[in-house]
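Shown here: target_7.txt, compact mmCIF, C-alpha atoms and all ligand atoms.
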# COMPACT_ATOMS: atom_id res chain seq x y z
CA MET W 1 0.00 0.00 0.00
CA PRO W 2 1.86 3.17 -1.17
CA PHE W 3 0.54 5.39 1.64
CA SER W 4 -0.70 4.55 5.10
CA MET W 5 -1.11 6.19 8.47
CA VAL W 6 0.24 4.25 11.42
CA ARG W 7 0.25 4.82 15.14
CA SER W 8 3.83 4.18 16.25
CA ASP W 9 7.07 5.61 17.62
CA ILE W 10 9.01 6.65 14.51
CA THR W 11 12.35 5.76 16.13
CA THR W 12 11.36 2.07 16.09
CA MET W 13 10.40 1.90 12.43
CA LYS W 14 12.50 -0.31 10.16
CA VAL W 15 12.31 1.76 6.99
CA ASP W 16 14.94 3.14 4.59
CA ALA W 17 14.50 6.66 5.99
CA ILE W 18 12.70 8.35 8.84
CA VAL W 19 12.08 12.07 8.66
CA ASN W 20 12.98 14.29 11.60
CA ALA W 21 10.97 17.44 12.41
CA ALA W 22 14.08 19.48 13.26
CA ASN W 23 14.89 23.17 13.70
CA GLU W 24 17.16 25.31 11.53
CA ARG W 25 20.18 24.74 13.76
CA LEU W 26 19.95 20.94 13.27
CA LEU W 27 21.47 20.44 16.72
CA GLY W 28 18.62 18.48 18.30
CA GLY W 29 15.77 19.61 20.52
CA GLY W 30 12.61 18.21 22.07
CA GLY W 31 9.71 16.28 20.54
CA VAL W 32 10.48 13.86 17.77
CA ASP W 33 13.86 15.60 17.20
CA GLY W 34 14.94 14.71 20.71
CA ALA W 35 13.59 11.17 20.46
CA ILE W 36 15.48 10.53 17.20
CA HIS W 37 18.76 11.88 18.55
CA ARG W 38 18.44 9.81 21.72
CA ALA W 39 17.73 6.63 19.75
CA ALA W 40 20.40 7.26 17.08
CA GLY W 41 23.20 8.03 19.52
CA PRO W 42 25.83 10.80 19.61
CA GLU W 43 27.21 10.12 16.12
CA LEU W 44 24.03 11.63 14.68
CA LEU W 45 24.73 14.97 16.34
CA GLU W 46 28.34 14.83 15.12
CA GLU W 47 27.18 14.46 11.52
CA CYS W 48 24.49 17.16 11.97
CA ARG W 49 27.08 19.61 13.23
CA ALA W 50 28.90 19.29 9.90
CA LEU W 51 25.75 20.11 7.92
CA GLY W 52 25.71 23.78 8.93
CA GLY W 53 21.99 23.99 9.61
CA CYS W 54 18.95 23.72 7.32
CA LYS W 55 16.50 26.34 6.08
CA THR W 56 12.79 26.03 6.83
CA GLY W 57 11.10 24.02 4.08
CA GLN W 58 14.34 22.31 3.07
CA ALA W 59 15.81 18.92 4.01
CA LYS W 60 19.21 17.31 4.63
CA LEU W 61 20.15 13.64 5.00
CA THR W 62 22.35 11.80 7.48
CA LYS W 63 22.96 8.19 8.39
CA GLY W 64 20.65 6.49 10.90
CA TYR W 65 23.40 5.10 13.18
CA ARG W 66 21.74 3.09 15.99
CA LEU W 67 18.25 3.56 14.56
CA PRO W 68 16.67 0.66 12.63
CA ALA W 69 16.29 3.14 9.73
CA LYS W 70 19.21 3.49 7.30
CA PHE W 71 18.90 7.28 6.97
CA VAL W 72 17.46 10.26 8.82
CA ILE W 73 16.11 13.08 6.67
CA HIS W 74 16.12 16.27 8.73
CA THR W 75 13.60 18.82 7.60
CA VAL W 76 12.38 22.03 9.17
CA GLY W 77 8.70 22.85 9.18
CA PRO W 78 7.31 26.37 9.67
CA ILE W 79 6.43 27.80 13.04
CA TRP W 80 2.67 28.51 13.02
CA ARG W 81 2.02 32.24 13.14
CA GLY W 82 -1.69 32.24 12.37
CA GLY W 83 -1.52 30.99 8.78
CA GLY W 84 -0.87 34.25 6.98
CA HIS W 85 2.93 33.97 6.67
CA GLY W 86 3.28 31.30 4.00
CA GLU W 87 3.21 28.50 6.58
CA ARG W 88 1.30 26.14 4.29
CA GLU W 89 3.74 26.59 1.39
CA LEU W 90 6.71 26.02 3.70
CA LEU W 91 5.13 22.88 5.16
CA VAL W 92 4.40 21.52 1.67
CA SER W 93 8.01 22.28 0.77
CA ALA W 94 9.30 20.44 3.84
CA TYR W 95 7.43 17.27 2.80
CA ARG W 96 8.37 17.57 -0.88
CA SER W 97 12.07 18.27 -0.21
CA SER W 98 12.19 15.25 2.11
CA LEU W 99 10.47 13.00 -0.44
CA GLU W 100 12.76 14.18 -3.26
CA LEU W 101 15.84 13.59 -1.08
CA ALA W 102 14.55 10.10 -0.22
CA ALA W 103 13.99 9.32 -3.91
CA ALA W 104 17.45 10.65 -4.78
CA HIS W 105 18.88 8.11 -2.31
CA GLN W 106 16.76 5.24 -3.75
CA CYS W 107 14.73 4.96 -0.52
CA LYS W 108 11.79 2.62 -1.04
CA THR W 109 10.19 3.10 2.38
CA VAL W 110 9.94 6.41 4.28
CA ALA W 111 8.24 7.36 7.56
CA PHE W 112 7.16 10.91 8.42
CA PRO W 113 6.05 12.42 11.73
CA LEU W 114 3.38 15.09 11.53
CA ILE W 115 5.79 17.98 10.90
CA SER W 116 5.20 21.29 12.72
CA SER W 117 2.16 19.94 14.58
CA GLY W 118 3.88 19.83 17.97
CA VAL W 119 6.15 22.54 19.35
CA TYR W 120 5.72 24.60 16.18
CA GLY W 121 1.99 24.81 16.81
CA TYR W 122 0.58 24.05 13.34
CA PRO W 123 -3.10 23.08 13.86
CA LYS W 124 -3.07 19.29 13.73
CA ASP W 125 -6.03 18.82 11.37
CA GLN W 126 -4.53 21.27 8.86
CA ALA W 127 -1.07 19.73 9.31
CA LEU W 128 -2.59 16.31 8.61
CA LYS W 129 -4.32 17.53 5.46
CA VAL W 130 -1.11 19.13 4.11
CA ALA W 131 0.82 15.95 4.88
CA VAL W 132 -1.69 13.60 3.20
CA ASP W 133 -2.23 15.81 0.15
CA THR W 134 1.51 16.40 -0.44
CA ILE W 135 2.53 12.77 0.10
CA THR W 136 -0.28 11.24 -2.00
CA GLY W 137 0.38 13.81 -4.76
CA PHE W 138 4.05 12.80 -4.82
CA LEU W 139 3.14 9.08 -4.90
CA LEU W 140 1.10 9.55 -8.07
CA GLU W 141 4.44 10.04 -9.86
CA HIS W 142 6.79 7.91 -7.74
CA ASP W 143 6.98 4.28 -6.59
CA MET W 144 7.63 4.49 -2.87
CA THR W 145 5.90 3.36 0.33
CA VAL W 146 5.29 6.21 2.75
CA TYR W 147 4.06 5.94 6.33
CA LEU W 148 2.63 8.92 8.17
CA VAL W 149 3.25 8.24 11.85
CA ILE W 150 0.56 9.55 14.16
CA PHE W 151 2.12 9.62 17.60
CA ASP W 152 -0.86 10.87 19.53
CA ARG W 153 -4.51 10.32 18.77
CA THR W 154 -5.41 14.01 18.79
CA ALA W 155 -3.46 14.36 15.56
CA CYS W 156 -6.00 12.36 13.66
CA THR W 157 -9.31 13.97 14.39
CA ILE W 158 -12.06 13.69 11.86
CA SER W 159 -14.75 16.29 12.36
CA GLY W 160 -16.97 15.61 15.38
CA LYS W 161 -20.12 15.70 13.21
CA LEU W 162 -18.74 13.12 10.78
CA PHE W 163 -17.56 10.98 13.71
CA ASP W 164 -21.06 11.09 15.25
CA ARG W 165 -22.75 10.27 11.94
CA ILE W 166 -20.53 7.24 11.43
CA ALA W 167 -20.94 6.15 15.05
CA ALA W 168 -24.74 6.33 14.56
CA TYR W 169 -24.47 4.31 11.33
CA ILE W 170 -22.36 1.71 13.15
CA ASP W 171 -24.92 1.54 15.96
CA ASP W 172 -27.68 0.95 13.44
CA ASN W 173 -25.80 -1.61 11.43
CA TYR W 174 -22.94 -3.13 13.37
CA VAL W 175 -23.72 -6.51 14.87
CA ASP W 176 -21.04 -7.19 17.47
CA SER W 177 -19.61 -10.66 17.93
CA HIS W 178 -21.38 -11.20 21.29
CA THR W 179 -24.77 -11.00 19.67
CA ASP W 180 -26.72 -14.23 19.91
CA GLU W 181 -25.71 -16.30 16.87
CA GLN W 182 -29.29 -17.29 16.02
CA GLU W 183 -30.50 -13.69 16.35
CA GLN W 184 -27.56 -12.41 14.27
CA ARG W 185 -28.16 -14.94 11.52
CA ARG W 186 -31.89 -14.10 11.44
CA ARG W 187 -31.10 -10.38 11.32
CA GLU W 188 -28.49 -10.82 8.59
CA LEU W 189 -30.91 -12.92 6.51
CA LEU W 190 -33.55 -10.25 7.03
CA PHE W 191 -31.03 -7.52 6.17
CA ARG W 192 -29.92 -9.38 3.04
CA ARG W 193 -33.53 -9.79 1.88
CA GLU W 194 -34.30 -6.09 2.52
CA ALA W 195 -31.08 -4.85 0.98
CA ALA W 196 -31.04 -7.41 -1.84
CA PRO W 197 -30.75 -5.53 -5.14
CA GLN W 198 -34.31 -4.86 -6.22
CA PRO W 199 -34.63 -5.67 -9.96
CA CYS W 200 -35.39 -2.16 -11.09
CA ALA W 201 -34.12 -0.08 -14.03
CA ALA W 202 -33.21 2.68 -11.54
CA ALA W 203 -30.16 0.75 -10.28
CA PRO W 204 -27.38 1.62 -12.74
CA GLY W 205 -27.28 -1.31 -15.16
CA GLY W 206 -30.11 -2.93 -13.20
CA LEU W 207 -30.76 -6.65 -12.87
CA ASN W 208 -30.23 -7.28 -16.59
CA GLU W 209 -26.65 -6.04 -16.50
CA ALA W 210 -26.00 -8.00 -13.30
CA LEU W 211 -27.40 -11.17 -14.91
CA GLU W 212 -25.43 -10.48 -18.08
CA HIS W 213 -22.21 -10.44 -16.09
CA MET W 214 -23.11 -13.22 -13.64
CA ASP W 215 -20.21 -15.46 -14.62
CA GLU W 216 -17.80 -12.52 -14.97
CA SER W 217 -14.78 -12.83 -12.68
CA PHE W 218 -13.55 -10.12 -10.29
CA THR W 219 -10.74 -9.22 -12.67
CA GLN W 220 -13.06 -9.01 -15.65
CA MET W 221 -15.50 -6.78 -13.78
CA LEU W 222 -12.63 -4.59 -12.53
CA LEU W 223 -11.21 -4.09 -16.03
CA ARG W 224 -14.68 -3.54 -17.50
CA LYS W 225 -15.43 -0.86 -14.91
CA ILE W 226 -12.06 0.84 -15.50
CA ASP W 227 -12.90 1.05 -19.21
CA GLN W 228 -16.48 2.19 -18.56
CA ARG W 229 -15.15 4.94 -16.30
CA GLY W 230 -12.64 6.01 -18.95
CA MET W 231 -9.82 5.58 -16.40
CA THR W 232 -6.31 4.25 -16.99
CA ASP W 233 -5.13 1.26 -14.95
CA ALA W 234 -2.67 3.52 -13.11
CA GLN W 235 -5.33 6.08 -12.23
CA CYS W 236 -7.47 3.29 -10.79
CA TYR W 237 -4.87 1.47 -8.70
CA LYS W 238 -3.32 4.70 -7.45
CA ARG W 239 -6.72 5.97 -6.36
CA ALA W 240 -7.29 2.61 -4.67
CA ASN W 241 -3.94 3.02 -2.89
CA ILE W 242 -2.86 -0.34 -4.33
CA ASP W 243 0.69 -0.82 -5.55
CA ARG W 244 1.49 -1.49 -9.17
CA LYS W 245 2.83 -5.01 -8.55
CA LEU W 246 -0.41 -6.19 -6.94
CA PHE W 247 -2.46 -4.65 -9.74
CA SER W 248 -0.43 -6.42 -12.44
CA LYS W 249 -0.92 -9.71 -10.57
CA ILE W 250 -4.69 -9.14 -10.60
CA ARG W 251 -4.70 -8.00 -14.22
CA SER W 252 -2.75 -11.03 -15.43
CA ASP W 253 -4.93 -13.63 -13.70
CA VAL W 254 -8.57 -13.65 -14.78
CA HIS W 255 -9.46 -15.77 -11.73
CA TYR W 256 -7.44 -13.76 -9.21
CA LYS W 257 -9.12 -13.53 -5.80
CA PRO W 258 -8.09 -10.29 -4.01
CA SER W 259 -8.34 -9.71 -0.29
CA LYS W 260 -11.53 -8.08 0.96
CA PRO W 261 -9.91 -4.65 1.68
CA THR W 262 -8.39 -4.69 -1.81
CA ALA W 263 -11.73 -5.48 -3.44
CA MET W 264 -13.35 -2.69 -1.41
CA ALA W 265 -10.57 -0.25 -2.29
CA PHE W 266 -11.23 -0.82 -6.00
CA ALA W 267 -14.99 -0.40 -5.49
CA VAL W 268 -14.25 2.97 -3.86
CA ALA W 269 -11.69 4.00 -6.49
CA LEU W 270 -14.22 3.22 -9.24
CA GLU W 271 -16.92 5.08 -7.27
CA LEU W 272 -19.32 2.15 -7.62
CA PRO W 273 -22.84 2.59 -6.25
CA LEU W 274 -23.53 0.29 -3.29
CA GLU W 275 -25.20 -2.44 -5.37
CA GLU W 276 -22.27 -2.66 -7.77
CA ALA W 277 -19.81 -2.51 -4.88
CA ARG W 278 -21.65 -5.51 -3.38
CA GLU W 279 -21.47 -7.23 -6.77
CA MET W 280 -17.72 -6.59 -7.06
CA LEU W 281 -17.14 -7.88 -3.53
CA GLY W 282 -19.26 -10.91 -4.34
CA LYS W 283 -17.02 -11.73 -7.29
CA ALA W 284 -14.08 -11.83 -4.91
CA GLY W 285 -16.07 -14.13 -2.63
CA PHE W 286 -16.98 -11.51 0.00
CA ALA W 287 -19.97 -9.48 1.20
CA PHE W 288 -20.23 -6.40 3.40
CA SER W 289 -20.46 -7.90 6.84
CA HIS W 290 -22.37 -6.10 9.58
CA ALA W 291 -20.25 -7.95 12.08
CA SER W 292 -17.26 -5.87 10.96
CA LYS W 293 -16.92 -2.16 11.82
CA PHE W 294 -14.48 -1.84 8.92
CA ASP W 295 -17.14 -3.03 6.47
CA VAL W 296 -19.88 -0.92 8.05
CA ILE W 297 -17.74 2.24 7.83
CA VAL W 298 -16.80 1.64 4.18
CA GLU W 299 -20.43 0.82 3.38
CA TYR W 300 -21.43 4.09 5.11
CA PHE W 301 -19.18 6.18 2.86
CA ILE W 302 -20.30 4.39 -0.31
CA SER W 303 -23.97 4.78 0.69
CA GLN W 304 -23.27 8.53 1.12
CA GLY W 305 -21.57 8.69 -2.28
CA ASN W 306 -18.36 9.85 -0.56
CA TYR W 307 -15.44 8.07 -2.27
CA ASN W 308 -12.69 10.22 -0.78
CA MET W 309 -10.12 7.58 0.16
CA VAL W 310 -8.32 9.88 2.57
CA GLU W 311 -11.53 10.71 4.47
CA ILE W 312 -12.49 7.02 4.56
CA ASN W 313 -9.06 6.07 5.93
CA GLU W 314 -9.18 8.90 8.46
CA ALA W 315 -12.55 7.56 9.65
CA LEU W 316 -11.26 3.97 9.76
CA PHE W 317 -8.24 5.20 11.71
CA ALA W 318 -10.47 7.16 14.13
CA PHE W 319 -12.42 3.96 14.81
CA ASP W 320 -9.22 1.92 15.31
CA GLN W 321 -9.71 -0.05 12.10
CA SER W 322 -7.07 -1.01 9.54
CA LEU W 323 -6.88 1.16 6.44
CA LEU W 324 -8.33 0.61 3.00
CA GLY W 325 -5.95 -0.50 0.29
CA GLY W 326 -3.63 -3.37 -0.61
N1 LIG S 401 7.43 9.27 16.90
C1 LIG S 401 6.55 9.83 16.03
N2 LIG S 401 6.04 11.07 16.19
C2 LIG S 401 6.41 11.76 17.29
C3 LIG S 401 7.33 11.25 18.25
C4 LIG S 401 7.82 9.93 18.00
N3 LIG S 401 8.70 9.35 18.85
N4 LIG S 401 7.50 12.19 19.21
C5 LIG S 401 6.71 13.23 18.88
N5 LIG S 401 6.05 12.97 17.73
C6 LIG S 401 5.10 13.80 17.01
C7 LIG S 401 4.36 14.83 17.83
O1 LIG S 401 3.25 14.22 18.50
C8 LIG S 401 3.89 15.78 16.74
O2 LIG S 401 2.67 15.30 16.18
O3 LIG S 401 5.81 14.56 16.07
C9 LIG S 401 4.99 15.66 15.67
C10 LIG S 401 5.86 16.89 15.52
O4 LIG S 401 6.04 17.48 16.80
P1 LIG S 401 7.48 18.10 17.27
O5 LIG S 401 8.42 17.01 17.49
O6 LIG S 401 7.20 19.02 18.39
O7 LIG S 401 8.01 18.91 15.99
P2 LIG S 401 7.54 20.33 15.42
O8 LIG S 401 6.17 20.69 15.83
O9 LIG S 401 7.85 20.28 13.98
O10 LIG S 401 8.52 21.35 16.17
C11 LIG S 401 9.91 21.28 15.85
O11 LIG S 401 10.45 21.06 18.14
O12 LIG S 401 11.52 19.25 18.97
C12 LIG S 401 11.72 20.55 18.57
O13 LIG S 401 13.97 20.62 17.76
C13 LIG S 401 12.61 20.61 17.36
O14 LIG S 401 12.76 22.98 17.40
C14 LIG S 401 12.16 21.89 16.75
C15 LIG S 401 10.66 21.89 17.00

Can the structure in the file be given as structure tokens, please?
Amino acid sequence: MPFSMVRSDITTMKVDAIVNAANERLLGGGGVDGAIHRAAGPELLEECRALGGCKTGQAKLTKGYRLPAKFVIHTVGPIWRGGGHGERELLVSAYRSSLELAAAHQCKTVAFPLISSGVYGYPKDQALKVAVDTITGFLLEHDMTVYLVIFDRTACTISGKLFDRIAAYIDDNYVDSHTDEQEQRRRELLFRREAAPQPCAAAPGGLNEALEHMDESFTQMLLRKIDQRGMTDAQCYKRANIDRKLFSKIRSDVHYKPSKPTAMAFAVALELPLEEAREMLGKAGFAFSHASKFDVIVEYFISQGNYNMVEINEALFAFDQSLLGG
């Protein structure tokens, strides 16, 4: 999965490069800067001393020393001064310079903290949006796996209203595992009958199209939908946050059976209405389960016609679920 958000301590991550949210002196400090220097050992400071500082929005690379990561990319984010002093542009530049430096050193895996969102006071929700937009934009043109490390939960706050709406949808639909088996099975059967695709022309393609493509495999339906949407393969798998290698495996095997999150990610990337999303999942041997919060949340977004992968992943993250994608 090219981009994912993880909750971890960046100093423990075994990636090619971790990014340090440093200051212009590059001589260490508090926050993640302090944690990285402590974990890397004194040689890191020695090498930093020789770098002669770093301008805000730029990035410099050192070795990782005692860290599990091979390199440390030191970048300096802007200090938040209310938003009217080019802070956003400088923060975008800090992410881009770090990504370009990582690519220049053939790094395949990179982990970022949420730059400027701590001591430098950048509002966390805006810092998160800048991070996600800049990283995912870069990954449209580059093959790399990037992790955005969320160290404290407050950093990943979806709007309260959206959180409440999803929580209500989960309450209405989520059947937790302690529910009486018999009752759950009865309810699911009932749900399936109610939600079964009604044979009406209103559903895009309707029953006829579904019957026409009954024996179509997952791969065939995926490729047909990509063509129908006028998308390229790359546009589709990048929007689904699926890496190129996995997509070519699927494309080259007409009977390929993807994982459930992968099948869902393609349904979202293709912006399929709920019925067709169910059909695509069915071809991979799955169904939206109301015994899974992950499924209920993804089904919520599709039922609302919201296919914004970042918002869906932020919601999954907020409800402690794994993320959508490969
Ligand atoms: N792993 C991952 N993320 C972390 C860790 C860690 N071990 N420790 C802190 N963070 C997170 C914080 O929760 C915050 O979301 O890193 C993000 C950035 O916070 P800061 O480290 O305070 O960095 P920043 O806001 O960019 O301020 C930089 O602070 O530490 C000093 O020397 C640094 O002067 C510089 C300034």

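Among the candidates W:Lys293, W:Ala131, W:Gly305, W:Leu274, the residue lying nearest to Asp320 (chain W) is W:Lys293 (atoms considered: only C-alpha atoms).
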
Notebook entry, point to check: Can you tell me which residues sit at most 8 Å away from ligand LIG 401 (chain S), counting only C-alpha atoms and all ligand atoms, written as a ChimeraX atom specification?
Noted result: /W:8-11,20-24,26-36,76-79,112-122,124,149-152,155

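The space separating CA of Leu67 (chain W) from CA of Val110 (chain W) comes to 13.5 Å.
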
Item checked: Between CA of Gly230 (chain W) and CA of Ser252 (chain W) - distance in Å to one decimal -> 20.0 Å

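Near Pro258 (chain W), within 8 Å and counting all atoms listed in the file, sit Ile250, Ala263 and Ala284 of chain W; same-chain residues fewer than 5 positions away were not included.
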
Notebook entry, point to check: Looking at only C-alpha atoms, which of W:His105, W:Arg229, W:Lys129, W:Lys238 is the one that sits closest to Glu141 (chain W)?
Noted result: W:Lys238

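Minimum atom-to-atom distances from W:Leu44, W:Leu99, W:Ile226, W:Val298 to Leu324 (chain W) were compared using all atoms listed in the file, and the lowest value belongs to W:Val298.
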
Can you list, as a short mmCIF file (atom, residue, chain, number, x, y, z; two decimals) with C-alpha atoms, keeping the file's coordinate frame, every protein, DNA or RNA residue that comes within 8 Å of Gly64 (chain W) when you count only C-alpha atoms, leaving out same-chain residues fewer than 4 positions away?
data_model
loop_
_atom_site.label_atom_id
_atom_site.label_comp_id
_atom_site.auth_asym_id
_atom_site.auth_seq_id
_atom_site.Cartn_x
_atom_site.Cartn_y
_atom_site.Cartn_z
CA ALA W 17 14.50 6.66 5.99
CA ALA W 40 20.40 7.26 17.08
CA LEU W 44 24.03 11.63 14.68
CA PRO W 68 16.67 0.66 12.63
CA ALA W 69 16.29 3.14 9.73
CA LYS W 70 19.21 3.49 7.30
CA PHE W 71 18.90 7.28 6.97
CA VAL W 72 17.46 10.26 8.82
#

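You can rank W:Val92, W:Gly57, W:Ala291, W:Ala111 by their closest distance to Val15 (chain W) using all atoms listed in the file, and at the top of that list sits W:Ala111.
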
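Distances from W:Val268, W:Met221, W:Val296, W:Met144 to Ala104 (chain W) were compared using all atoms listed in the file, and the smallest one belongs to W:Met144.
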
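Our summary of the geometry notes that CA of Phe286 (chain W) is positioned 13.5 Å from CA of Phe266 (chain W).
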
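Minimum atom-to-atom distances from W:Gln235, W:Asn308, W:Ser217, W:Ser303 to Asp253 (chain W) were compared using all atoms listed in the file, and the lowest value belongs to W:Ser217.
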
Margin query: Give me, as a PyMOL selection string, all polymer residues having an atom no more than 9 Å from Met5 (chain W), counting all atoms listed in the file and skipping those fewer than 3 positions away in the same chain.
Written below: chain W and resi 146-150+313-314+317+323
